[in-house]
Structure formats: C-alpha cells, structure tokens
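Student: Once you've had a glance at the structure underneath, I'll fire off some questions.
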Amino acid sequence: MKLQNPPPATYAFGYKNPPQSGNEINGLGVEEKIRARHVFHNATGEELPWNALDEFFSQINVWGVVRHMLANVWQLRRQDGPVSGPRIKVDDPAAMAAEIKAKAKELGARLVGITEVFDEALYEGYEVGYKYAICIGLPMDREEMSHVPHERAAVEVMRAYKEVSRIAIELAEEIRAMGWPAKAYGNPNSTDILHIPLAIEAGLGQLGKHGSMISKEFGSNFRLAAVLTDLPLAIDEPVDIGVDDLCMTCQRCVMDCPPEAIFKEKQRVRGEMKWYVDFDKCIPYFVKTYGCAICLEVCPWSEPGRGPWLFEKLMERREK
Amino acid sequence: MRTIDEQAIKGTSFWQQVGRDVRLLRRIAQMLYTYLVIGRGIRRKYRDKETRGEVYWVDEELSP
C-alpha cells in the first residue's frame with residue numbers, strides 16, 4: 001500500500017511541563033513482570049499523566065469519529081447485566097466453545113478465540129472476576145483504511161470499534177440468557193483489561209513489530225473486543241503463524257512511521273522481550289492524525305488475501 | 001471526552017433500566033455539548049496558534 005501524503009511529525013501542540021514518559025509508565029526496560037498501568041486512553045475516570053493530551057485528542061477529532069464513539073457509548077449500556085435465564089448445564093466445554101464461536105460468527109465476528117483470563121492481561125489494581133475471555137476480531141474496510149493517516153481512515157476505525165463492540169454486547173446477552181454471567185468489553189479506551197495479550201493467548205494472532213496484533217487472515221487490519229464470562233468453555237492455544245520470522249527482517253512499518261516510533265529490535269517491557277513502540281514519539285503523531293494507523297496498513301500481512309500466502313511461505317522457509 | 005466503561009448497568013427492574021438510560025443520555029448530551037461548544041473553541045484556538053507558528057500547550061489549556 002502506498003501512503004497518501006502523511007503530514008510531517010511536527011506539532012503545533014505539546015506539553016509545557018511534560019508528564020512522566022509514557023515509556024516509563026509502560027515499563028520499558030523493567031526486568032520484573034509487573035502489570036500494565038493506564039497512561040493515555042482511559043475509560044476508568046481516574047486522572048492519568050497524559051489526560052490533557054487525551055482530552056485534546058478528543059476535542060480536535062473529526063465529527064465522523066465522534067458520532068461513532070457516542071453511538072458506542074450508548075450501546076455499551078447493555079455491556080453487563082443480570083443473568084436473564086435459567087442456568088444451562090455445561091457437560092462438554094468443547095462443544096459449548098464451538099457453539100459460542102458459531103454464535104459470534106453469526107453476529108458478524110470474523111475472528112474468535114477463547115482463553116482464560118490471566119494477571120498480565122489486567123491493568124494494575126484491577127480484578128475482573130471472570131474466568132474466561134472470548135476474544136473477537138473484526139476487519140476494517142481496506143478501501144477506507146487506505147486513507148491512513150487521514151480522516152476517512154479514522155472514521156472507519158471508530159466504525160469498526162462500534163461494530164465489534166455490538167457483536168460483543170449481543171454475545172454477552174446470549175450468554176446471560178443461558179444463565180451465566182458475561183460482560184462485553186467494546187470500549188476502545190482502556191478499561192480494566194488489555195485486549196491484545198488476551199487475543200494472543202486466544203490464538204487470534206501474534207504481536208507484530210508495530211506493537212499491534214497480526215492475524216493470519218487480516219494482518220493488522222482489524223479491531224478487537226471481548227466478552228468475559230464464567231460459562232465453562234474449552235480454551236484455545238496461542239498460534240505461531242511466523243510473524244517473528246517476518247518482522248525480524250521486514251522494516252516496512254519502521255520506515256513508514258513518520259515520527260520514527262517503531263523499534264527495530266524487541267525491547268524488554270515489564271519483564272518480557274517483545275515488540276514495542278516508543279509511546280512518547282507515537283502518541284503526538286497519533287493525536288495529530290486522529291489515530292494514525294499507518295503501521296497497521298502498510299504491514300505486508302494487511303494486504304488483502306496475502307496473509308495466508310505469507311504464512312505458507314514462512315512455514316516452508318522454516319522447514320528448509 | 002473520556003468515556004466511563006463502568007456505568008450503573010446492573011439494574012434489574014424496568015425503572016432501574018430507565019434510570020440507567022436517562023443517566024447515560026445525560027452524559028452523552030454533556031459529551032456532545034463539550035465537543036460541539038467547548039471543543040469548537042479549542043479547535044479554533046489550536047488552528048489559530050498553528051497558523052501563527054505557535055504552540056497550543058495542552059497542559060495549560062486543558063488540565064482541570
């Protein structure tokens with residue numbers, strides 16, 4: 001994909017007194033395993049070091065984004081609620097998992113995986129009280145996303161979030177009708193869970209060099225939501241589709257990132273070596289361009305139909 | 001315009017749900033007002049500063 005005139009990484013906004021580095025808050029260079037902390041997008045209402053920039057982002061954003069966001073806030077009133085039917089007995093968690101995945105796909109999900117909720121997928125100080133996470137992925141319209149980092153792509157991102165949120169909400173309602181508690185997580189702002197670690201464990205894809213997920217089917221051109229529940233379900237395994245094999249040598253997102261925020265090598269973050277994006281460089285550009293997403297769209301995996309082919313080639317190369 | 005994920009959503013009765021929806025509608029109206037009215041001033045000031053080659057200091061202008 002060829003980029004259409006990305007604006008330069010120069011800014012007419014900033015902090016007079018810069019807050020603590022987002023990289024420090026994110027645990028860049030930290031050796032021990034610790035939980036993530038909220039830093040920027042935040043739906044919890046607590047005051048965060050980067051709140052002023054987040055507020056600025058909200059206010060300079062375009063109406064097309066804001067209207068989808070508000071519609072999502074409205075539908076999220078149904079994200080949780082009391083169980084609404086007699087509890088069904090689950091003798092076969094594998095069969096139930098297959099049923100739930102089929103329901104999610106019926107509702108419009110294109111990627112579905114299940115994992116147990118684990119500590120590293122929760123923000124510091126938060127507990128969720130559910131055992132399983134059903135992770136849902138929905139691709140974005142590639143034609144609209146080809147306009148990154150401009151307005152049309154930003155609107156498509158929020159439309160996709162609203163749509164994947166609807167799927168999660170309706171799936172949670174179906175589970176509650178089976179007599180089991182379930183809560184949908186469809187807010188693109190940070191809440192109490194981290195979507196990416198859960199989705200990786202649920203087998204939806206792997207972490208890419210650009211710090212976002214790559215799935216075999218859609219590359220990085222998709223958005224996530226989740227349903228947390230106690231309904232007994234068989235869990236999926238993480239997948240290895242060869243993302244590291246490609247990202248170790250590919251430099252596409254690194255070269256196309258205007259603020260040069262993407263590290264060429266994995267970094268130690270909260271006790272784990274992983275791909276990481278420099279928060280302090282990325283976020284100002286993200287704000288200036290209403291959400292950027294260049295790295296997601298220039299990724300070779302995101303080219304329609306290319307993912308499965310790349311997967312096969314990478315696996316063949318590994319066998320040689 | 002940060003959103004609150006954890007709303008009062010556990011209501012069981014019809015009237016509890018109505019109360020929840022009214023509270024949320026008020027909140028959405030407030031967010032809309034902030035974007036359309038207060039945000040308009042922010043966007044104008046930012047664009048003016050950008051045109052003049054100045055910097056809009058978010059911590060000075062937007063911190064509570």
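By order of appearance in the structure tokens: chains A, B, ..., then residues from 1 within every chain, and ligands from 1 in the order shown.
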Please identify the strand (DSSP E) residues within region 47-161 of chain A (assignment by DSSP from backbone atoms) and present them as a ChimeraX atom specification.
Tutor: /A:111-116,132-139
Student: Excluding His38 (chain A) and its own-chain neighbours fewer than 5 positions away, which residues fall within 8 Å of it when counting only C-alpha atoms? Please give them as a list in words.
Tutor: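 Listing them by chain and then by number gives Ile25, Leu48, Tyr123 and Ser190 of chain A.
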Student: What lies within 12 Å of region 303-307 of chain A using only C-alpha atoms, ignoring chain neighbours under 6 positions off, as a list in words?
Tutor: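 So, after excluding close chain neighbours, the residues are Met1, Lys2, Pro139, Met140, Asp141, Arg142, Glu143, Met145, Ser146, Gly205, Ile214, Ser215, Lys216, Glu217, Phe218, Gly219, Ser220, Asn221, Phe222, Ile241, Gly242, Val243, Leu246, Leu296, Glu297, Lys313 and Leu314 of chain A.
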Student: Can you tell me which residues surround region 43-58 of chain B at a distance of at most 6 Å, considering only C-alpha atoms, apart from same-chain residues fewer than 2 positions away, and format the answer as a PyMOL selection string?
Tutor: (chain A and resi 12-16+52+60) or (chain B and resi 39-41+60-62)
Student: Kindly export the residues of the current selection with N, CA and C atoms, as an mmCIF file, in the first residue's frame.
Tutor:
data_model
loop_
_atom_site.group_PDB
_atom_site.id
_atom_site.type_symbol
_atom_site.label_atom_id
_atom_site.label_comp_id
_atom_site.auth_asym_id
_atom_site.auth_seq_id
_atom_site.Cartn_x
_atom_site.Cartn_y
_atom_site.Cartn_z
ATOM 1 N N ALA A 12 2.003 21.514 16.471
ATOM 2 C CA ALA A 12 1.659 22.843 16.984
ATOM 3 C C ALA A 12 0.960 22.713 18.332
ATOM 4 N N PHE A 13 1.158 21.579 18.987
ATOM 5 C CA PHE A 13 0.639 21.383 20.344
ATOM 6 C C PHE A 13 1.705 20.640 21.142
ATOM 7 N N GLY A 14 1.578 20.670 22.436
ATOM 8 C CA GLY A 14 2.551 19.963 23.257
ATOM 9 C C GLY A 14 2.318 20.247 24.722
ATOM 10 N N TYR A 15 3.191 19.721 25.547
ATOM 11 C CA TYR A 15 3.153 19.969 26.986
ATOM 12 C C TYR A 15 4.201 21.020 27.342
ATOM 13 N N LYS A 16 3.801 22.015 28.095
ATOM 14 C CA LYS A 16 4.789 22.966 28.606
ATOM 15 C C LYS A 16 5.623 22.270 29.684
ATOM 16 N N ALA A 52 -4.368 15.304 29.613
ATOM 17 C CA ALA A 52 -4.569 16.561 28.874
ATOM 18 C C ALA A 52 -4.458 16.319 27.372
ATOM 19 N N ILE A 60 -10.153 17.666 19.218
ATOM 20 C CA ILE A 60 -9.790 18.058 17.838
ATOM 21 C C ILE A 60 -10.232 16.995 16.841
ATOM 22 N N GLY B 39 -15.340 22.303 22.607
ATOM 23 C CA GLY B 39 -14.363 21.777 21.649
ATOM 24 C C GLY B 39 -14.165 22.714 20.460
ATOM 25 N N ARG B 40 -15.249 23.379 20.076
ATOM 26 C CA ARG B 40 -15.153 24.301 18.935
ATOM 27 C C ARG B 40 -14.142 25.412 19.243
ATOM 28 N N GLY B 41 -14.220 25.915 20.473
ATOM 29 C CA GLY B 41 -13.268 26.946 20.892
ATOM 30 C C GLY B 41 -11.850 26.405 20.924
ATOM 31 N N GLU B 60 -1.587 23.475 29.924
ATOM 32 C CA GLU B 60 -2.062 24.772 30.416
ATOM 33 C C GLU B 60 -3.531 25.000 30.073
ATOM 34 N N GLU B 61 -3.909 24.590 28.881
ATOM 35 C CA GLU B 61 -5.256 24.896 28.389
ATOM 36 C C GLU B 61 -6.310 23.905 28.872
ATOM 37 N N LEU B 62 -5.917 22.640 29.053
ATOM 38 C CA LEU B 62 -6.929 21.600 29.267
ATOM 39 C C LEU B 62 -6.873 20.898 30.613
#
Student: With distances taken over only C-alpha atoms, which residue among A:Tyr285, A:Tyr276, A:Phe311, A:Tyr11 lies nearest chain B?
Tutor: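 Between A:Tyr285, A:Tyr276, A:Phe311, A:Tyr11, the residue approaching chain B most closely is A:Tyr11.
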Student: What residues in region 276-311 of chain A get the DSSP label helix (DSSP H, G or I)? Please answer as a list in words.
Tutor: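 After running DSSP on the backbone, region 276-311 of chain A has helix (DSSP H, G or I) at Phe279, Asp280, Lys281, Cys282, Ile283, Pro284, Tyr285, Phe286, Val287, Lys288, Ile294, Cys295, Leu296, Glu297, Val298, Pro300, Trp301, Ser302, Arg306, Gly307, Pro308, Trp309, Leu310 and Phe311 of chain A.
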Student: Between A:Arg176, A:Val269, A:Pro284, A:Gly208, which has the minimum distance to Val83 (chain A) (counting only C-alpha atoms)?
Tutor: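 For Val83 (chain A), the nearest of the given residues is A:Arg176.
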Student: Could you list, with a cut-off of 8 Å and counting only C-alpha atoms, the residues of chain A near chain B, each shown with its nearest atom pair and the distance in Å rounded to one decimal, rows sorted by chain and ascending number, as CSV?
Tutor:
residue,atom,partner,partner_atom,distance
A:Tyr11,CA,B:Val55,CA,7.7
A:Ala12,CA,B:Val55,CA,4.6
A:Phe13,CA,B:Tyr56,CA,4.4
A:Gly14,CA,B:Trp57,CA,5.2
A:Tyr15,CA,B:Trp57,CA,5.3
A:Lys16,CA,B:Trp57,CA,5.8
A:Asn17,CA,B:Asp59,CA,7.2
A:His41,CA,B:Arg2,CA,7.4
A:Asn42,CA,B:Arg2,CA,6.3
A:Ala43,CA,B:Ile4,CA,4.6
A:Thr44,CA,B:Ile4,CA,5.6
A:Gly45,CA,B:Ile4,CA,6.2
A:Asn51,CA,B:Ser63,CA,7.8
A:Ala52,CA,B:Leu62,CA,5.6
A:Leu53,CA,B:Val58,CA,6.1
A:Asp54,CA,B:Arg2,CA,7.8
A:Glu55,CA,B:Met1,CA,5.9
A:Phe56,CA,B:Val58,CA,6.7
A:Ser58,CA,B:Met1,CA,5.5
A:Gln59,CA,B:Gly39,CA,4.9
A:Ile60,CA,B:Arg43,CA,5.6
A:Leu70,CA,B:Ile28,CA,6.7
A:Val73,CA,B:Thr3,CA,7.3
A:Trp74,CA,B:Leu24,CA,7.1
A:Leu76,CA,B:Asp5,CA,7.8
A:Arg77,CA,B:Ile9,CA,6.3
A:Arg78,CA,B:Ile9,CA,7.2
A:Gln79,CA,B:Ile9,CA,7.8
A:Asp80,CA,B:Ile9,CA,6.2
A:Gly81,CA,B:Lys10,CA,4.8
A:Pro82,CA,B:Lys10,CA,6.3
A:Asn187,CA,B:Asp5,CA,6.9
A:Asn189,CA,B:Thr3,CA,7.4
A:Thr191,CA,B:Asp5,CA,6.5
